[in-house]
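Engineer: Dropping in run17.txt, which is compact mmCIF, C-alpha atoms:
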```txt
# COMPACT_ATOMS: atom_id res chain seq x y z
CA MET A 1 79.36 113.43 101.76
CA ALA A 2 82.90 112.74 100.59
CA THR A 3 85.45 111.77 103.22
CA GLN A 4 88.84 113.45 103.45
CA LYS A 5 90.42 110.34 101.92
CA GLN A 6 88.02 110.42 98.99
CA LYS A 7 88.74 114.11 98.42
CA SER A 8 92.47 113.36 98.50
CA MET A 9 92.11 110.52 95.99
CA ASN A 10 89.96 112.67 93.68
CA ALA A 11 92.61 115.39 93.71
CA ARG A 12 95.40 113.12 92.52
CA ASN A 13 96.55 112.94 88.91
CA PHE A 14 97.06 109.20 88.40
CA GLN A 15 98.24 109.60 84.82
CA ARG A 16 101.02 111.87 86.01
CA GLU A 17 101.96 109.32 88.67
CA LEU A 18 102.11 106.61 86.00
CA ASP A 19 104.24 108.82 83.75
CA LYS A 20 106.73 109.28 86.58
CA ILE A 21 106.99 105.50 87.12
CA LEU A 22 107.52 104.90 83.40
CA GLU A 23 110.23 107.55 83.23
CA GLN A 24 112.15 105.89 86.06
CA LEU A 25 112.09 102.33 84.71
CA THR A 26 115.56 100.89 84.09
CA VAL A 27 114.49 97.28 83.51
CA THR A 28 111.42 95.68 81.92
CA PRO A 29 109.01 94.78 84.73
CA ARG A 30 106.31 92.12 84.63
CA LEU A 31 102.77 93.44 84.79
CA LEU A 32 99.58 91.50 85.51
CA LEU A 33 96.87 93.49 83.78
CA HIS A 34 93.27 92.77 84.67
CA SER A 35 91.18 93.32 81.56
CA CYS A 36 87.44 93.86 81.43
CA CYS A 37 87.19 93.50 77.63
CA ALA A 38 89.11 93.74 74.37
CA PRO A 39 88.04 97.31 73.46
CA CYS A 40 89.14 98.74 76.82
CA SER A 41 92.41 96.80 76.72
CA SER A 42 93.23 97.87 73.16
CA TYR A 43 94.78 101.23 74.02
CA VAL A 44 96.19 100.06 77.35
CA LEU A 45 98.10 97.23 75.67
CA GLU A 46 99.30 99.44 72.84
CA TYR A 47 100.52 101.98 75.40
CA LEU A 48 102.11 99.72 78.03
CA ARG A 49 103.61 96.86 76.01
CA GLN A 50 106.64 99.02 75.18
CA TYR A 51 107.42 99.27 78.92
CA PHE A 52 106.23 95.96 80.45
CA LYS A 53 106.09 92.24 79.85
CA ILE A 54 102.33 91.98 80.18
CA THR A 55 100.14 89.07 81.18
CA VAL A 56 96.47 89.86 80.67
CA PHE A 57 94.20 88.38 83.32
CA TYR A 58 90.68 88.07 82.00
CA TYR A 59 88.55 87.71 85.11
CA ASN A 60 85.00 89.06 84.91
CA PRO A 61 82.43 87.08 86.92
CA ASN A 62 80.14 90.11 86.72
CA ILE A 63 79.13 89.14 83.18
CA SER A 64 75.73 87.59 83.77
CA MET A 65 75.15 85.67 80.54
CA GLU A 66 77.60 82.91 79.62
CA ALA A 67 77.15 83.53 75.88
CA GLU A 68 78.09 87.18 76.42
CA TYR A 69 81.09 86.12 78.51
CA GLN A 70 82.33 83.76 75.80
CA LYS A 71 81.91 86.41 73.13
CA ARG A 72 83.97 88.91 75.10
CA VAL A 73 86.76 86.56 76.09
CA THR A 74 87.09 85.35 72.49
CA GLU A 75 87.52 88.94 71.34
CA GLN A 76 90.13 89.53 74.04
CA LYS A 77 92.21 86.58 72.88
CA ARG A 78 91.83 87.57 69.23
CA LEU A 79 93.13 91.06 69.94
CA ILE A 80 96.13 89.74 71.86
CA ASP A 81 96.96 87.36 69.00
CA ALA A 82 96.83 90.30 66.59
CA TYR A 83 99.10 92.44 68.77
CA ASN A 84 101.59 89.61 69.08
CA GLN A 85 101.95 89.64 65.30
CA LEU A 86 103.22 93.23 65.43
CA ASP A 87 106.93 94.03 65.48
CA SER A 88 106.72 96.67 68.22
CA GLY A 89 106.47 95.97 71.93
CA TYR A 90 106.88 92.88 74.08
CA SER A 91 104.84 89.73 73.54
CA ILE A 92 101.62 89.57 75.57
CA SER A 93 100.44 86.50 77.48
CA VAL A 94 96.87 85.84 78.61
CA ILE A 95 95.31 83.93 81.50
CA GLU A 96 91.59 83.32 81.50
CA GLY A 97 90.19 83.22 85.01
CA ASP A 98 87.29 81.03 86.06
CA TYR A 99 83.82 82.11 85.01
CA GLU A 100 82.03 82.18 88.35
CA PRO A 101 79.04 84.58 88.28
CA GLU A 102 77.80 83.18 91.59
CA ILE A 103 80.72 84.94 93.29
CA PHE A 104 79.65 88.25 91.77
CA TYR A 105 76.06 87.76 92.91
CA ALA A 106 77.28 87.04 96.42
CA ALA A 107 79.34 90.25 96.41
CA ALA A 108 76.37 92.25 95.09
CA LYS A 109 73.87 90.84 97.58
CA GLY A 110 72.02 93.66 99.30
CA LEU A 111 73.32 96.17 96.76
CA GLU A 112 71.03 95.23 93.89
CA GLN A 113 69.15 98.55 93.98
CA CYS A 114 72.25 100.74 94.15
CA PRO A 115 72.61 103.16 91.23
CA GLU A 116 75.08 102.34 88.50
CA GLY A 117 78.51 103.61 89.50
CA GLY A 118 77.79 103.29 93.23
CA GLU A 119 78.52 100.82 96.01
CA ARG A 120 77.60 97.73 93.99
CA CYS A 121 80.16 98.69 91.36
CA PHE A 122 82.75 99.34 94.05
CA ALA A 123 82.17 95.82 95.41
CA CYS A 124 82.63 94.49 91.87
CA TYR A 125 85.88 96.44 91.46
CA GLU A 126 87.18 94.99 94.71
CA LEU A 127 86.20 91.44 93.74
CA ARG A 128 88.04 91.53 90.44
CA LEU A 129 91.08 93.43 91.69
CA ARG A 130 91.51 91.18 94.71
CA LYS A 131 91.64 88.13 92.45
CA THR A 132 94.19 89.97 90.30
CA ALA A 133 96.34 90.88 93.30
CA GLU A 134 96.27 87.28 94.53
CA LEU A 135 97.41 85.99 91.14
CA ALA A 136 100.04 88.72 90.78
CA LYS A 137 101.49 87.66 94.12
CA GLU A 138 101.43 83.98 93.13
CA LEU A 139 103.13 84.68 89.80
CA GLU A 140 105.68 87.04 91.38
CA GLN A 141 104.74 89.93 89.12
CA ASP A 142 106.30 93.35 89.59
CA TYR A 143 103.01 95.27 89.29
CA PHE A 144 99.29 94.74 88.87
CA THR A 145 96.61 97.07 87.52
CA THR A 146 93.36 97.12 85.52
CA THR A 147 92.04 98.45 82.23
CA LEU A 148 88.87 99.66 83.98
CA THR A 149 90.16 103.21 84.45
CA ILE A 150 89.91 103.84 80.71
CA SER A 151 86.12 104.01 80.88
CA PRO A 152 84.51 107.44 81.43
CA LEU A 153 81.80 105.53 83.35
CA LYS A 154 84.20 104.03 85.90
CA ASN A 155 85.47 105.79 89.01
CA ALA A 156 89.23 105.95 88.50
CA ALA A 157 89.89 107.38 91.96
CA LYS A 158 87.98 104.52 93.61
CA LEU A 159 89.73 101.92 91.47
CA ASN A 160 93.12 103.32 92.46
CA GLU A 161 92.08 103.47 96.11
CA ILE A 162 91.09 99.78 96.05
CA GLY A 163 94.24 98.86 94.12
CA GLU A 164 96.49 100.61 96.61
CA SER A 165 94.74 98.95 99.56
CA LEU A 166 95.18 95.50 97.99
CA ALA A 167 98.81 96.29 97.18
CA GLN A 168 99.43 96.79 100.89
CA GLN A 169 97.62 93.58 101.80
CA TYR A 170 99.39 91.40 99.25
CA GLN A 171 102.72 93.25 99.22
CA ILE A 172 102.76 93.71 95.45
CA PRO A 173 102.99 97.15 93.83
CA TRP A 174 99.89 98.67 92.26
CA LEU A 175 100.43 100.55 88.99
CA PRO A 176 98.38 103.77 89.21
CA SER A 177 96.39 104.73 86.16
CA ASP A 178 93.71 106.84 84.59
CA PHE A 179 93.93 105.43 81.10
CA LYS A 180 91.21 107.69 79.71
CA LYS A 181 93.72 110.56 79.93
CA LYS A 182 95.93 111.41 76.93
CA ASN A 183 92.93 110.61 74.72
CA GLY A 184 93.15 106.97 75.80
CA TYR A 185 89.43 106.36 75.55
CA LYS A 186 89.31 108.01 72.11
CA ARG A 187 92.22 105.83 70.97
CA SER A 188 90.44 102.71 72.22
CA ILE A 189 87.48 103.56 69.97
CA GLU A 190 89.83 103.98 67.01
CA LEU A 191 91.56 100.66 67.72
CA SER A 192 88.23 98.91 68.18
CA ALA A 193 87.26 100.03 64.69
CA GLU A 194 90.66 99.09 63.26
CA TYR A 195 90.46 95.54 64.66
CA ASP A 196 86.68 95.27 64.22
CA LEU A 197 86.20 94.49 67.91
CA TYR A 198 82.85 93.71 69.47
CA ARG A 199 81.97 96.72 71.66
CA GLN A 200 79.33 95.89 74.25
CA ASN A 201 76.92 98.61 75.36
CA TYR A 202 76.78 97.68 79.05
CA CYS A 203 79.26 96.63 81.74
CA GLY A 204 78.21 92.99 81.84
CA CYS A 205 76.07 92.45 84.92
CA VAL A 206 72.30 92.09 84.81
CA TYR A 207 71.89 95.28 86.84
CA SER A 208 73.89 97.32 84.33
CA GLN A 209 71.96 95.75 81.48
CA LYS A 210 68.68 96.96 83.00
```
Could you render the structure from this file as structure tokens?
Structural biologist:
Amino acid sequence: MATQKQKSMNARNFQRELDKILEQLTVTPRLLLHSCCAPCSSYVLEYLRQYFKITVFYYNPNISMEAEYQKRVTEQKRLIDAYNQLDSGYSISVIEGDYEPEIFYAAAKGLEQCPEGGERCFACYELRLRKTAELAKELEQDYFTTTLTISPLKNAAKLNEIGESLAQQYQIPWLPSDFKKKNGYKRSIELSAEYDLYRQNYCGCVYSQK
């Protein structure tokens, strides 16, 4: 049964909250953007690079197979290189985090049998966003957020709830989002085709693959 906090989070329009922040910007802030993959980041980068100086943080220890990890991170860097050749928007930087699947398995311990989209996924969200918040604090970024909310299979309310909690802990602003809105997910499919991006058919972990 949903708690009052969960009901409150579900009722919020995170895209509208993001729009309000963008409308009020008077300078160009620095954004640390956690990215799960090139296809999901395609629309987010196209959308946000006109407002922010973005550093993409590719940190995804949930990807179980190293060959799959390497394939995805290569595509991420290729897309960023392509975007940086365009005239519009600010240049995008990228930081590749450590590939440490053992940390994901530790976070998922005891949650192996949870259904996809449940508590195991929430633990994975928290793992990746905490690392992003830590780095955003270290790099003195103005905001941090994630591309994960673009996916129709990801819980945007839960992602924003975790992001806001970490923002309080690390004293760095969380950028609210629900990037699937405004046809964001549809646009990511179009951009993936335009740039011939590898689109995986599962999240990355062995449990999702099953």
Engineer: Just give me the gap between atom CA of Ile92 of chain A and atom CA of Val56 of chain A in Å, one decimal is fine.
Structural biologist: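 We find that atom CA of Ile92 of chain A and atom CA of Val56 of chain A lie 7.3 Å from each other.
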Engineer: Quick check, in Å to one decimal: how far apart do atom CA of Ala67 of chain A and atom CA of Val94 of chain A lie?
Structural biologist: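 Those two atoms sit 20.0 Å apart.
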Engineer: Need to verify the contact set: Pro101 of chain A, 12 Å, all atoms listed in the file, exclusion of same-chain residues closer than 5 positions in sequence. Can you return it as a ChimeraX atom specification?
Structural biologist: /A:59-66,69,106-108,124,127-128,204-206
Engineer: If you count only C-alpha atoms, which residues fall within 7 Å of Ile162 of chain A, apart from same-chain ones fewer than 4 positions away, as a list in words?
Structural biologist: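 Within the cut-off, the hits are Glu126, Lys158 and Leu166 of chain A.
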Engineer: Could you tell me which of A:Trp174, A:Tyr185, A:Phe14, A:Tyr125 comes closest to Ser41 of chain A if we count all atoms listed in the file?
Structural biologist: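 Among the listed residues, A:Tyr185 lies closest to Ser41 of chain A.
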Engineer: Just give me the gap between atom CA of Ala157 of chain A and atom CA of Ile95 of chain A in Å, one decimal is fine.
Structural biologist: 26.2 Å
Engineer: Using all atoms of segment 62-75 of chain A listed in the file and a margin of 8 Å per side, can you give the axis-aligned box centre and edge lengths in Å to one decimal, as AutoDock Vina command-line options?
Structural biologist:
```
--center_x 81.3 --center_y 86.5 --center_z 79.0 --size_x 28.4 --size_y 23.2 --size_z 31.4
```
Engineer: Please tabulate, as a tab-separated table, the residues of segment 115-156 of chain A that come within 12 Å of segment 187-199 of chain A, each with its closest pair of atoms and the distance in Å to one decimal, counting all atoms listed in the file and ordering rows by chain, then residue number upward.
Structural biologist:
```
residue	atom	partner	partner_atom	distance
A:Thr147	CA	A:Ser188	CA	11.0
A:Ile150	CA	A:Ser188	CA	8.6
A:Ser151	CA	A:Ser188	CA	9.8
A:Pro152	CA	A:Ser188	CA	11.9
```
Engineer: Need the neighbours of (86.6, 103.6, 91.6): which residues are at most 9 Å away, counting only C-alpha atoms, as a ChimeraX atom specification?
Structural biologist: /A:117-118,121-122,125,148-149,154-162
Engineer: Under the rule that all atoms listed in the file are counted, which of A:Pro176, A:Ala167, A:Leu79, A:Ser8 is the nearest residue to Tyr43 of chain A?
Structural biologist: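 Looking only at the distances to Tyr43 of chain A, the closest residue turns out to be A:Leu79.
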Engineer: Find the spatial neighbours of Gln200 of chain A, counting only C-alpha atoms, within a cut-off of 9 Å - ignore same-chain residues fewer than 4 positions away - and output them as a ChimeraX atom specification.
Structural biologist: /A:37,39,72,204
Engineer: Selection from above, C-alpha atoms, as a compact mmCIF listing (two decimals), in the coordinates of the input, can you write it?
Structural biologist:
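So result-v3.txt came out as:
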```txt
# COMPACT_ATOMS: atom_id res chain seq x y z
CA CYS A 37 87.19 93.50 77.63
CA PRO A 39 88.04 97.31 73.46
CA ARG A 72 83.97 88.91 75.10
CA GLY A 204 78.21 92.99 81.84
```
Engineer: Starting from the structure just given, write a file holding segment 119-162 of chain A with N, CA and C atoms, as a compact mmCIF listing (two decimals), in the first residue's frame.
Structural biologist:
```
# COMPACT_ATOMS: atom_id res chain seq x y z
N GLU A 119 11.80 -3.32 -5.54
CA GLU A 119 12.79 -2.88 -4.57
C GLU A 119 14.23 -3.07 -5.04
N ARG A 120 14.50 -4.11 -5.81
CA ARG A 120 15.87 -4.29 -6.31
C ARG A 120 16.25 -3.14 -7.24
N CYS A 121 15.33 -2.72 -8.07
CA CYS A 121 15.59 -1.59 -8.96
C CYS A 121 15.78 -0.30 -8.17
N PHE A 122 15.00 -0.15 -7.10
CA PHE A 122 15.13 1.06 -6.29
C PHE A 122 16.52 1.11 -5.64
N ALA A 123 17.01 -0.05 -5.20
CA ALA A 123 18.36 -0.11 -4.62
C ALA A 123 19.40 0.25 -5.67
N CYS A 124 19.16 -0.17 -6.90
CA CYS A 124 20.08 0.15 -8.00
C CYS A 124 20.04 1.63 -8.32
N TYR A 125 18.85 2.23 -8.32
CA TYR A 125 18.74 3.68 -8.52
C TYR A 125 19.58 4.41 -7.47
N GLU A 126 19.39 4.01 -6.22
CA GLU A 126 20.06 4.70 -5.12
C GLU A 126 21.58 4.56 -5.23
N LEU A 127 22.05 3.39 -5.62
CA LEU A 127 23.48 3.15 -5.78
C LEU A 127 24.09 4.09 -6.80
N ARG A 128 23.46 4.19 -7.95
CA ARG A 128 24.01 5.01 -9.03
C ARG A 128 23.86 6.51 -8.75
N LEU A 129 22.73 6.88 -8.19
CA LEU A 129 22.52 8.30 -7.90
C LEU A 129 23.38 8.79 -6.74
N ARG A 130 23.64 7.93 -5.77
CA ARG A 130 24.52 8.33 -4.67
C ARG A 130 25.93 8.62 -5.19
N LYS A 131 26.42 7.77 -6.06
CA LYS A 131 27.74 7.98 -6.64
C LYS A 131 27.76 9.29 -7.44
N THR A 132 26.66 9.57 -8.12
CA THR A 132 26.56 10.81 -8.89
C THR A 132 26.55 12.03 -7.98
N ALA A 133 25.79 11.95 -6.89
CA ALA A 133 25.74 13.06 -5.94
C ALA A 133 27.11 13.32 -5.31
N GLU A 134 27.80 12.24 -4.97
CA GLU A 134 29.14 12.39 -4.38
C GLU A 134 30.08 13.10 -5.35
N LEU A 135 30.04 12.71 -6.62
CA LEU A 135 30.92 13.32 -7.61
C LEU A 135 30.50 14.76 -7.89
N ALA A 136 29.19 15.00 -7.94
CA ALA A 136 28.71 16.37 -8.16
C ALA A 136 29.19 17.30 -7.06
N LYS A 137 29.18 16.81 -5.84
CA LYS A 137 29.67 17.60 -4.71
C LYS A 137 31.17 17.85 -4.86
N GLU A 138 31.90 16.82 -5.20
CA GLU A 138 33.36 16.94 -5.35
C GLU A 138 33.73 17.92 -6.45
N LEU A 139 32.98 17.89 -7.55
CA LEU A 139 33.28 18.75 -8.70
C LEU A 139 32.62 20.13 -8.61
N GLU A 140 31.90 20.36 -7.52
CA GLU A 140 31.22 21.64 -7.28
C GLU A 140 30.27 21.99 -8.43
N GLN A 141 29.46 21.00 -8.81
CA GLN A 141 28.46 21.21 -9.83
C GLN A 141 27.26 21.97 -9.24
N ASP A 142 26.47 22.57 -10.10
CA ASP A 142 25.31 23.32 -9.65
C ASP A 142 24.08 22.44 -9.48
N TYR A 143 24.01 21.35 -10.26
CA TYR A 143 22.91 20.40 -10.20
C TYR A 143 23.43 19.00 -10.53
N PHE A 144 22.64 17.99 -10.14
CA PHE A 144 22.86 16.64 -10.65
C PHE A 144 21.50 16.03 -10.97
N THR A 145 21.48 15.11 -11.91
CA THR A 145 20.26 14.39 -12.27
C THR A 145 20.63 13.15 -13.07
N THR A 146 19.63 12.45 -13.59
CA THR A 146 19.86 11.21 -14.33
C THR A 146 18.98 11.13 -15.56
N THR A 147 19.45 10.40 -16.55
CA THR A 147 18.66 10.14 -17.76
C THR A 147 17.59 9.07 -17.54
N LEU A 148 17.65 8.38 -16.42
CA LEU A 148 16.79 7.21 -16.21
C LEU A 148 15.30 7.52 -16.31
N THR A 149 14.90 8.76 -16.02
CA THR A 149 13.47 9.06 -16.04
C THR A 149 12.88 9.10 -17.45
N ILE A 150 13.71 8.96 -18.47
CA ILE A 150 13.17 8.94 -19.83
C ILE A 150 12.50 7.62 -20.16
N SER A 151 12.86 6.57 -19.44
CA SER A 151 12.35 5.24 -19.76
C SER A 151 10.94 5.04 -19.22
N PRO A 152 10.02 4.55 -20.05
CA PRO A 152 8.68 4.21 -19.57
C PRO A 152 8.69 3.08 -18.54
N LEU A 153 9.81 2.34 -18.47
CA LEU A 153 9.92 1.22 -17.54
C LEU A 153 10.51 1.60 -16.20
N LYS A 154 10.94 2.85 -16.06
CA LYS A 154 11.55 3.32 -14.81
C LYS A 154 10.56 4.19 -14.04
N ASN A 155 10.64 4.12 -12.73
CA ASN A 155 9.73 4.84 -11.85
C ASN A 155 10.26 6.25 -11.61
N ALA A 156 9.72 7.20 -12.36
CA ALA A 156 10.23 8.58 -12.29
C ALA A 156 10.01 9.19 -10.90
N ALA A 157 8.88 8.89 -10.28
CA ALA A 157 8.60 9.44 -8.96
C ALA A 157 9.63 8.93 -7.95
N LYS A 158 9.96 7.64 -8.02
CA LYS A 158 10.94 7.08 -7.09
C LYS A 158 12.33 7.65 -7.36
N LEU A 159 12.69 7.81 -8.60
CA LEU A 159 13.99 8.39 -8.94
C LEU A 159 14.11 9.80 -8.39
N ASN A 160 13.05 10.59 -8.54
CA ASN A 160 13.07 11.96 -8.01
C ASN A 160 13.09 11.97 -6.49
N GLU A 161 12.40 11.03 -5.88
CA GLU A 161 12.40 10.93 -4.42
C GLU A 161 13.82 10.63 -3.91
N ILE A 162 14.50 9.69 -4.55
CA ILE A 162 15.87 9.34 -4.16
C ILE A 162 16.80 10.52 -4.42
```
